[in-house]
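K.L.:
My structure is in model03.cif, and what it holds is mmCIF, C-alpha atoms and all ligand atoms:
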```
data_start
#
loop_
_atom_site.label_atom_id
_atom_site.label_comp_id
_atom_site.auth_asym_id
_atom_site.auth_seq_id
_atom_site.Cartn_x
_atom_site.Cartn_y
_atom_site.Cartn_z
CA MET A 1 93.88 122.37 126.63
CA SER A 2 91.84 119.62 124.99
CA ARG A 3 88.56 120.29 123.30
CA VAL A 4 87.69 116.61 122.92
CA GLU A 5 88.99 113.62 124.84
CA VAL A 6 88.19 110.12 123.71
CA GLY A 7 89.16 107.23 125.96
CA LYS A 8 89.17 103.53 125.03
CA LEU A 9 86.24 104.00 122.68
CA VAL A 10 84.70 100.79 121.32
CA LYS A 11 81.87 100.50 118.82
CA GLN A 12 80.64 97.07 117.94
CA PHE A 13 78.15 96.48 115.09
CA GLY A 14 77.18 92.83 115.64
CA ALA A 15 80.34 90.88 114.89
CA VAL A 16 82.13 93.92 113.41
CA ARG A 17 84.32 95.92 115.79
CA ALA A 18 84.25 99.22 113.88
CA VAL A 19 86.15 101.09 116.61
CA ASP A 20 88.63 99.11 118.69
CA GLU A 21 89.67 100.81 121.97
CA VAL A 22 90.60 104.12 120.43
CA SER A 23 92.00 106.88 122.67
CA PHE A 24 93.01 110.37 121.58
CA ASP A 25 92.57 114.01 122.36
CA VAL A 26 91.84 116.95 120.12
CA PRO A 27 93.67 120.13 121.13
CA GLU A 28 91.66 123.35 121.41
CA GLY A 29 91.75 125.39 118.17
CA GLY A 30 93.17 123.80 115.03
CA ILE A 31 92.18 121.00 112.70
CA THR A 32 92.52 117.33 113.58
CA THR A 33 91.89 114.82 110.79
CA MET A 34 91.24 111.11 110.87
CA LEU A 35 92.91 109.62 107.81
CA GLY A 36 92.37 106.05 106.71
CA PRO A 37 90.97 103.70 104.09
CA SER A 38 87.28 103.06 103.65
CA GLY A 39 85.84 101.04 106.51
CA CYS A 40 88.57 101.84 109.08
CA GLY A 41 86.02 103.33 111.49
CA LYS A 42 86.65 107.06 111.11
CA THR A 43 83.05 108.04 110.33
CA THR A 44 81.82 105.92 113.22
CA ILE A 45 84.11 107.80 115.63
CA LEU A 46 82.86 111.13 114.30
CA ARG A 47 79.26 109.99 114.68
CA CYS A 48 79.94 108.86 118.26
CA ILE A 49 81.41 112.29 119.11
CA ALA A 50 78.35 113.92 117.53
CA GLY A 51 75.97 111.68 119.47
CA LEU A 52 74.45 110.28 116.26
CA GLU A 53 75.77 106.85 117.22
CA THR A 54 75.92 105.37 120.72
CA ALA A 55 79.29 103.73 121.33
CA THR A 56 79.56 100.33 123.01
CA SER A 57 82.02 101.45 125.71
CA GLY A 58 84.62 104.07 126.56
CA ASP A 59 84.43 107.78 127.34
CA ILE A 60 83.94 110.98 125.37
CA VAL A 61 84.44 114.43 126.92
CA ILE A 62 83.73 117.62 124.95
CA GLY A 63 85.14 120.75 126.58
CA SER A 64 84.90 119.82 130.23
CA ARG A 65 81.58 118.00 129.79
CA PRO A 66 81.42 114.19 129.70
CA VAL A 67 78.95 113.39 126.91
CA PHE A 68 79.34 109.62 126.84
CA SER A 69 80.44 107.17 129.55
CA SER A 70 79.85 103.57 130.66
CA GLY A 71 77.91 102.67 127.51
CA ARG A 72 75.47 105.57 127.88
CA ASP A 73 75.02 108.90 126.13
CA LEU A 74 74.92 111.56 128.84
CA VAL A 75 74.18 114.50 126.53
CA PRO A 76 71.87 114.19 123.49
CA VAL A 77 73.05 115.29 120.05
CA GLU A 78 71.16 118.62 120.05
CA ALA A 79 72.69 119.66 123.37
CA ARG A 80 76.32 118.97 122.36
CA ASN A 81 76.69 122.37 120.67
CA LEU A 82 78.36 121.01 117.54
CA GLY A 83 78.43 122.10 113.93
CA MET A 84 78.35 119.30 111.38
CA VAL A 85 79.34 119.24 107.73
CA PHE A 86 78.63 115.90 106.17
CA GLN A 87 79.02 114.70 102.59
CA SER A 88 75.44 115.19 101.54
CA TYR A 89 74.70 118.91 101.62
CA ALA A 90 71.15 118.64 102.97
CA ILE A 91 70.42 122.19 101.88
CA TRP A 92 66.74 123.02 101.41
CA PRO A 93 66.26 123.88 97.72
CA HIS A 94 63.05 125.89 98.27
CA MET A 95 64.63 128.20 100.88
CA THR A 96 66.92 131.13 100.20
CA ILE A 97 70.58 130.87 101.20
CA ALA A 98 69.94 133.15 104.18
CA HIS A 99 67.09 130.93 105.40
CA ASN A 100 69.22 127.84 104.97
CA VAL A 101 72.05 129.39 107.00
CA ALA A 102 69.57 130.62 109.62
CA TYR A 103 68.02 127.19 110.06
CA GLY A 104 70.07 126.03 113.07
CA LEU A 105 69.64 129.39 114.79
CA LYS A 106 65.87 129.29 114.34
CA VAL A 107 65.68 125.77 115.72
CA ARG A 108 67.56 127.08 118.75
CA GLY A 109 64.99 129.86 119.14
CA ARG A 110 67.42 132.78 118.86
CA PRO A 111 65.96 136.28 118.49
CA ARG A 112 65.41 137.59 115.00
CA GLU A 113 68.00 140.43 115.13
CA GLU A 114 70.66 138.04 116.36
CA ILE A 115 69.83 135.58 113.58
CA GLU A 116 70.14 138.27 110.91
CA LYS A 117 73.45 139.45 112.31
CA ARG A 118 74.93 135.98 112.56
CA VAL A 119 73.75 134.94 109.09
CA ARG A 120 75.36 138.04 107.62
CA ALA A 121 78.60 137.43 109.50
CA ALA A 122 78.70 133.74 108.50
CA LEU A 123 78.16 134.55 104.81
CA GLU A 124 80.92 137.15 105.00
CA LEU A 125 83.25 134.67 106.65
CA VAL A 126 82.79 132.18 103.78
CA ARG A 127 83.13 135.04 101.30
CA LEU A 128 79.55 134.99 100.04
CA PRO A 129 78.32 138.41 101.20
CA GLY A 130 75.17 139.47 99.40
CA TYR A 131 74.19 135.90 98.44
CA GLY A 132 71.51 135.61 101.13
CA GLU A 133 68.54 136.21 98.84
CA ARG A 134 69.60 133.71 96.19
CA TYR A 135 68.33 130.14 95.96
CA PRO A 136 70.56 127.04 96.12
CA GLY A 137 69.89 126.22 92.44
CA GLN A 138 71.67 129.45 91.46
CA LEU A 139 74.96 128.53 93.13
CA SER A 140 77.98 126.52 91.95
CA GLY A 141 79.26 123.43 93.77
CA GLY A 142 81.99 125.38 95.53
CA GLN A 143 79.59 128.11 96.61
CA MET A 144 77.18 125.48 97.96
CA GLN A 145 79.99 123.99 100.00
CA ARG A 146 80.59 127.43 101.48
CA VAL A 147 76.90 127.74 102.35
CA VAL A 148 77.07 124.40 104.16
CA LEU A 149 80.04 125.69 106.13
CA ALA A 150 78.31 128.98 106.88
CA ARG A 151 75.27 127.11 108.18
CA ALA A 152 77.42 124.90 110.40
CA ILE A 153 79.36 127.78 111.96
CA ALA A 154 76.57 130.38 112.14
CA TYR A 155 75.63 129.54 115.72
CA ASP A 156 79.23 129.51 116.91
CA PRO A 157 79.51 125.84 117.84
CA GLU A 158 82.04 124.58 120.35
CA LEU A 159 83.30 122.07 117.82
CA LEU A 160 82.92 121.57 114.07
CA LEU A 161 82.77 118.00 112.72
CA LEU A 162 83.41 117.44 109.01
CA ASP A 163 82.96 114.11 107.21
CA GLU A 164 84.74 114.11 103.84
CA PRO A 165 83.60 117.70 103.40
CA LEU A 166 85.36 118.22 100.08
CA ALA A 167 84.77 114.80 98.54
CA ASN A 168 82.22 115.80 95.94
CA LEU A 169 84.08 118.84 94.61
CA ASP A 170 86.31 118.71 91.55
CA ALA A 171 90.09 118.82 92.04
CA HIS A 172 90.45 122.58 91.56
CA LEU A 173 87.63 123.50 93.92
CA ARG A 174 88.84 120.99 96.47
CA GLU A 175 92.18 122.76 96.70
CA GLU A 176 90.53 126.15 96.96
CA MET A 177 88.17 124.95 99.70
CA ARG A 178 91.06 123.39 101.62
CA GLN A 179 92.63 126.81 101.88
CA GLU A 180 89.29 128.35 102.77
CA LEU A 181 88.66 125.83 105.54
CA LYS A 182 92.06 126.55 107.00
CA ARG A 183 91.55 130.30 106.74
CA ILE A 184 88.15 130.04 108.48
CA GLN A 185 89.67 127.91 111.22
CA ARG A 186 92.46 130.45 111.75
CA GLU A 187 90.04 133.41 111.72
CA THR A 188 87.53 131.88 114.13
CA GLY A 189 89.92 129.84 116.30
CA MET A 190 87.32 127.07 116.14
CA THR A 191 88.24 123.44 116.84
CA MET A 192 87.58 121.17 113.87
CA VAL A 193 87.65 117.39 113.52
CA ALA A 194 87.56 116.11 109.94
CA VAL A 195 87.47 112.70 108.29
CA THR A 196 89.21 112.01 104.99
CA HIS A 197 90.72 109.15 103.01
CA ASP A 198 92.85 111.56 100.96
CA GLN A 199 96.40 111.91 102.26
CA SER A 200 97.16 115.20 100.54
CA GLU A 201 93.99 116.71 101.97
CA ALA A 202 94.96 115.55 105.47
CA LEU A 203 98.50 116.88 105.08
CA ALA A 204 97.31 120.25 103.77
CA LEU A 205 94.56 120.81 106.33
CA SER A 206 95.70 119.38 109.60
CA ASP A 207 97.42 120.52 112.72
CA GLN A 208 97.12 116.92 113.91
CA ILE A 209 96.59 113.75 111.85
CA MET A 210 95.42 110.39 113.14
CA VAL A 211 96.22 107.58 110.72
CA MET A 212 93.70 104.78 111.16
CA SER A 213 93.32 101.20 110.08
CA ALA A 214 90.83 98.50 111.08
CA GLY A 215 89.29 100.45 113.94
CA ARG A 216 92.62 101.50 115.48
CA VAL A 217 94.84 104.57 115.48
CA LEU A 218 98.21 103.59 113.99
CA GLN A 219 99.89 106.95 114.52
CA ARG A 220 98.95 110.42 115.66
CA GLY A 221 101.01 113.55 115.20
CA ARG A 222 101.85 116.63 113.18
CA PRO A 223 101.65 116.23 109.38
CA GLU A 224 105.43 116.65 108.91
CA ASP A 225 106.20 113.99 111.53
CA ILE A 226 103.71 111.52 110.12
CA PHE A 227 104.97 112.09 106.60
CA HIS A 228 108.71 111.93 107.30
CA ARG A 229 108.70 109.53 110.23
CA PRO A 230 105.92 107.00 109.75
CA ARG A 231 106.09 104.58 112.67
CA THR A 232 105.18 101.43 110.75
CA ALA A 233 105.37 100.14 107.18
CA GLU A 234 101.57 100.32 107.00
CA VAL A 235 101.54 104.04 107.81
CA ALA A 236 104.41 104.62 105.36
CA ARG A 237 102.52 102.85 102.56
CA PHE A 238 99.39 104.82 103.30
CA LEU A 239 101.40 108.03 103.03
CA GLY A 240 102.69 107.22 99.59
CA ALA A 241 105.77 105.02 100.19
CA THR A 242 104.50 102.49 97.69
CA ASN A 243 107.83 100.88 96.78
CA THR A 244 108.37 97.96 99.16
CA LEU A 245 111.35 95.60 99.13
CA SER A 246 112.40 92.84 101.53
CA ALA A 247 115.89 92.77 102.96
CA GLN A 248 117.87 90.33 105.06
CA ARG A 249 121.13 90.51 106.92
CA VAL A 250 124.09 88.94 105.11
CA ASP A 251 127.58 89.25 106.66
CA GLY A 252 126.36 92.03 108.93
CA ARG A 253 124.71 94.13 106.18
CA LEU A 254 121.09 94.40 105.13
CA MET A 255 120.82 93.17 101.56
CA ILE A 256 117.81 93.37 99.25
CA GLU A 257 117.40 90.02 97.58
CA GLY A 258 118.64 89.98 94.01
CA ILE A 259 119.12 93.77 93.98
CA GLY A 260 121.89 95.01 96.27
CA ALA A 261 122.76 96.46 99.66
CA VAL A 262 120.65 98.87 101.67
CA PRO A 263 122.78 102.05 101.76
CA ASN A 264 124.83 102.58 104.91
CA HIS A 265 122.86 105.61 106.03
CA ALA A 266 119.72 103.46 106.28
CA GLN A 267 121.29 100.48 108.09
CA ALA A 268 119.92 101.67 111.43
CA THR A 269 118.05 98.53 112.43
CA SER A 270 119.74 95.52 113.98
CA ALA A 271 117.01 93.14 112.81
CA ASP A 272 117.88 90.20 110.57
CA ARG A 273 114.97 90.84 108.27
CA ALA A 274 113.51 94.19 107.29
CA GLN A 275 111.05 95.88 104.97
CA VAL A 276 112.46 98.76 102.97
CA LEU A 277 110.02 101.39 101.68
CA PHE A 278 110.35 104.60 99.71
CA ARG A 279 108.25 107.05 97.72
CA PRO A 280 108.46 107.17 93.92
CA SER A 281 109.30 110.89 94.18
CA ASP A 282 112.38 110.11 96.31
CA VAL A 283 113.99 107.93 93.66
CA VAL A 284 117.10 109.36 92.01
CA LEU A 285 117.86 107.88 88.60
CA GLN A 286 121.23 107.82 86.85
CA PRO A 287 120.69 107.27 83.16
CA GLU A 288 123.21 104.46 82.95
CA ASN A 289 124.26 101.56 85.04
CA THR A 290 127.05 103.44 86.84
CA GLY A 291 127.72 100.76 89.41
CA GLU A 292 126.38 103.02 92.14
CA GLY A 293 122.88 102.32 93.42
CA TRP A 294 120.79 99.39 92.29
CA PRO A 295 120.85 98.32 88.65
CA GLY A 296 117.57 98.37 86.78
CA ARG A 297 115.94 98.66 83.38
CA ILE A 298 113.11 101.00 82.32
CA VAL A 299 109.99 98.98 81.53
CA PHE A 300 107.53 101.78 80.97
CA ALA A 301 107.77 105.57 80.83
CA GLN A 302 104.89 108.00 81.13
CA PHE A 303 105.41 111.73 80.58
CA LEU A 304 103.05 113.66 82.86
CA GLY A 305 104.34 117.18 82.26
CA ARG A 306 105.88 118.25 85.54
CA GLU A 307 107.23 114.74 86.10
CA VAL A 308 107.96 111.51 84.30
CA GLN A 309 106.70 108.31 85.88
CA TYR A 310 108.81 105.20 85.31
CA LEU A 311 108.19 101.57 85.98
CA ILE A 312 111.62 99.98 86.45
CA ARG A 313 112.50 96.32 86.63
CA CYS A 314 115.05 95.80 89.37
CA GLY A 315 116.07 92.19 90.14
CA ASP A 316 112.72 90.42 90.20
CA ARG A 317 110.89 93.48 91.52
CA ASN A 318 109.17 96.48 89.99
CA ILE A 319 110.01 99.95 91.28
CA THR A 320 108.06 103.10 90.51
CA ALA A 321 109.93 106.37 90.13
CA GLU A 322 108.74 109.92 89.56
CA VAL A 323 111.44 112.30 88.37
CA SER A 324 111.41 115.80 86.96
CA GLY A 325 110.00 116.12 83.47
CA ARG A 326 112.64 118.73 82.63
CA ASP A 327 115.38 116.13 82.32
CA GLY A 328 113.88 114.44 79.27
CA VAL A 329 112.36 110.98 79.07
CA LEU A 330 114.47 107.83 79.23
CA GLU A 331 113.68 105.20 76.64
CA GLU A 332 111.96 101.98 77.51
CA GLY A 333 114.60 99.28 77.89
CA ALA A 334 117.32 101.76 78.99
CA PRO A 335 119.61 100.60 81.82
CA VAL A 336 119.58 102.81 84.92
CA SER A 337 121.08 103.04 88.39
CA ILE A 338 118.51 103.54 91.10
CA GLY A 339 119.22 105.55 94.22
CA VAL A 340 116.97 106.91 96.96
CA ARG A 341 117.45 110.35 98.50
CA PRO A 342 119.26 110.18 101.87
CA GLY A 343 116.78 110.08 104.73
CA ALA A 344 113.94 108.99 102.46
CA LEU A 345 114.55 105.27 102.80
CA LEU A 346 112.23 103.91 105.47
CA VAL A 347 113.42 100.66 107.05
CA TYR A 348 111.26 98.59 109.39
CA PRO A 349 112.36 95.43 111.21
CA GLU A 350 110.33 92.40 110.28
CA ALA A 351 109.56 89.54 112.63
CA ALA A 352 111.55 86.43 111.58
P1 LIG A 401 84.13 105.26 104.77
O1 LIG A 401 85.23 106.21 104.42
O2 LIG A 401 83.84 104.27 103.69
O3 LIG A 401 82.90 105.95 105.29
P2 LIG A 401 84.98 104.70 107.45
O4 LIG A 401 86.43 104.55 107.71
O5 LIG A 401 84.39 105.99 107.81
O6 LIG A 401 84.67 104.34 105.96
P3 LIG A 401 82.93 103.48 109.04
O7 LIG A 401 81.84 104.02 108.20
O8 LIG A 401 83.17 104.09 110.36
O9 LIG A 401 84.30 103.51 108.23
O10 LIG A 401 82.72 101.91 109.19
C1 LIG A 401 83.57 101.08 109.96
C2 LIG A 401 83.05 99.64 109.91
O11 LIG A 401 81.80 99.55 110.58
C3 LIG A 401 82.80 99.11 108.51
O12 LIG A 401 83.19 97.75 108.47
C4 LIG A 401 81.33 99.27 108.32
O13 LIG A 401 80.83 98.32 107.40
C5 LIG A 401 80.79 99.05 109.71
N1 LIG A 401 79.55 99.80 109.97
C6 LIG A 401 79.42 101.14 109.96
N2 LIG A 401 78.15 101.50 110.25
C7 LIG A 401 77.45 100.35 110.44
C8 LIG A 401 76.11 100.06 110.79
N3 LIG A 401 75.21 101.02 111.01
N4 LIG A 401 75.78 98.76 110.90
C9 LIG A 401 76.67 97.78 110.70
N5 LIG A 401 77.96 97.99 110.40
C10 LIG A 401 78.36 99.25 110.26
#
```
With the file now loaded, output its structure as structure tokens.
P.N.:
Amino acid sequence: MSRVEVGKLVKQFGAVRAVDEVSFDVPEGGITTMLGPSGCGKTTILRCIAGLETATSGDIVIGSRPVFSSGRDLVPVEARNLGMVFQSYAIWPHMTIAHNVAYGLKVRGRPREEIEKRVRAALELVRLPGYGERYPGQLSGGQMQRVVLARAIAYDPELLLLDEPLANLDAHLREEMRQELKRIQRETGMTMVAVTHDQSEALALSDQIMVMSAGRVLQRGRPEDIFHRPRTAEVARFLGATNTLSAQRVDGRLMIEGIGAVPNHAQATSADRAQVLFRPSDVVLQPENTGEGWPGRIVFAQFLGREVQYLIRCGDRNITAEVSGRDGVLEEGAPVSIGVRPGALLVYPEAA
């Protein structure tokens, strides 16, 4: 069952088409994320679902209720029964945590006993029991983020919308809050739609990812599918396959110019020209030019602890590799043979 259905949604800002005929559905329960670079239209879609922005055309259905159709909002923002967590906290500094969390419930005119009960339950859910009487100034960044979540879920919304909810937390807290968000989703069964430009956040959080670019959805699916089977070179690059080489067919085989053949296991396309992509972490290096793989020379080595990052000159191209730091560090200038783990080479036909 779908919690949200979006059909052929368009949002035009003057000459800018921020959302370009986007259709998707959000399954009930679970976390769907929109992943894409800045300006790809993800926030605009979220704002249209919320009712903070009126789309130009298309349809939006939340639950079984059409909220937008034929260029008109049918249900105003306050009647859409949504929780929202946006980047700026918007927590009242002069109110206690309990009053901040109670805010949405008060606005909705709920009885006092119910408010107290729900505030207590929400603070327990985000693991801040007993913090109700404190003031925002007495809390850390991570605790504040939990308060924002508690406030958004206190009135049991049908849908929770999150716009870069973890963006202003430091790396450690971000990871902790990722797990917390997922735990809260699993405990409540709530449907969440989040926006992020961070691929590892999207992979860690999501049941469904929508990869977006220039107002369109490039691919939608489970994190593992998107990561291992990106449909286009653009999606692959966005998910970390930053090494890109061009290949063309010579005597029936795809050859990378000035470097060597594409391995047999990756010769699946029949196109005459192709783009070959792979992640730095999928590179396998042999410390000498063994004749297997592509010959290269280390240009730059950077020891990062768990891994070593290499920049390798290969033909007239640069390749980045990340290999285990346990195997020592190869010297700059050392000759190497470059291989890519089977199945990790992503080959896309290119128009002639
Ligand atoms: P970011 O991660 O930077 O927030 P985004 O992917 O969420 O980016 P949007 O904020 O949805 O992207 O913006 C999509 C496009 O629409 C951008 O080109 C942006 O400049 C434009 N845009 C967004 N809001 C407005 C507005 N109110 N008026 C004019 N143009 C806008």
K.L.:
Taking only C-alpha atoms and all ligand atoms into account, list the residues no farther than 10 Å from ligand LIG 401 (chain A), as an NGL selection string.
P.N.:
:A and (11-19 or 34-48 or 53 or 87 or 163-164 or 195-198 or 212-215)
K.L.:
Check the smallest atom-to-atom distance from each of A:Ala98, A:Ala241, A:Val85, A:Ile259 to Ala321 in chain A using all atoms listed in the file, then report the winner.
P.N.:
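Using all atoms listed in the file, the shortest distance to Ala321 in chain A belongs to A:Ala241.
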K.L.:
Taking (84.5, 124.2, 93.9) as a centre in this file's frame and 7 Å as the limit, can you find every polymer residue with an atom that close, using only C-alpha atoms, and give them as a list in words?
P.N.:
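Neighbouring residues, ordered by chain and number, come to Gly141, Gly142, Gln143, Leu169, Asp170, His172, Leu173, Arg174 and Met177 of chain A.
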K.L.:
I'd like the interatomic distance between CA of Ala236 in chain A and CA of Val22 in chain A, to a tenth of an Å.
P.N.:
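Spanning CA of Ala236 in chain A to CA of Val22 in chain A is a straight-line distance of 20.4 Å.
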K.L.:
Show which residues sit within 10 Å of range 292-301 of chain A, as JSON, numbers by chain. Count all atoms listed in the file, and ignore same-chain residues fewer than 5 positions away.
P.N.:
{"A": [256, 258, 259, 260, 261, 262, 263, 284, 285, 286, 287, 308, 309, 310, 311, 312, 313, 314, 315, 316, 317, 318, 319, 320, 321, 322, 329, 330, 331, 332, 333, 334, 335, 336, 337, 338, 339, 340]}
K.L.:
Hey, what's within 7 Å of Leu346 in chain A if we count all atoms listed in the file and toss same-chain stuff fewer than 3 positions away? As a ChimeraX atom specification, please?
P.N.:
/A:276-278
K.L.:
One number please: CA of Leu205 in chain A to CA of Glu28 in chain A, in Å, one decimal.
P.N.:
15.6 Å
K.L.:
For Asn81 in chain A, work out the shell of residues within 8 Å, counting only C-alpha atoms and skipping chain neighbours fewer than 6 positions away, then give it as a CSV table (one decimal) with C-alpha atoms, in the coordinates of the input.
P.N.:
```
chain,number,residue,atom,x,y,z
A,157,PRO,CA,79.5,125.8,117.8
A,158,GLU,CA,82.0,124.6,120.4
A,159,LEU,CA,83.3,122.1,117.8
```
K.L.:
Mind pulling up the distance from CA of Ile209 in chain A to CA of Met192 in chain A?
P.N.:
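These atoms are spaced 11.8 Å apart.
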K.L.:
Find the spatial neighbours of Gly252 in chain A, counting all atoms listed in the file, within a cut-off of 12 Å - ignore same-chain residues fewer than 6 positions away - and output them as a VMD selection string.
P.N.:
chain A and resid 261 to 262 264 267 to 273
K.L.:
For Gln275 in chain A, find every residue with an atom within 8 Å (counting only C-alpha atoms), except residues of its own chain fewer than 5 positions away, and show them as a ChimeraX atom specification.
P.N.:
/A:233,244-247,347-350
K.L.:
Quick one: of A:Thr33, A:Lys117, A:Glu124, A:Glu5, who's nearest to Gln208 in chain A, counting only C-alpha atoms?
P.N.:
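Nearest candidate to Gln208 in chain A out of A:Thr33, A:Lys117, A:Glu124, A:Glu5: A:Thr33.
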K.L.:
Counting only C-alpha atoms, which residue out of A:Val10, A:Leu139, A:Ile31, A:Val4 sits closest to Arg80 in chain A?
P.N.:
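Distance minimum relative to Arg80 in chain A lands on A:Val4.
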K.L.:
Give the answer as one residue: which of A:Gly240, A:Pro27, A:Gly104, A:Gly189 has the shortest atom-to-atom distance to Asp207 in chain A, using only C-alpha atoms?
P.N.:
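With only C-alpha atoms as the atom set, the closest residue is A:Pro27.
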K.L.:
Go through A:Glu116, A:Glu257, A:Glu288, A:Asp282 and flag the residue nearest Ala344 in chain A, using all atoms listed in the file for the distances.
P.N.:
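Using all atoms listed in the file, the shortest distance to Ala344 in chain A belongs to A:Asp282.
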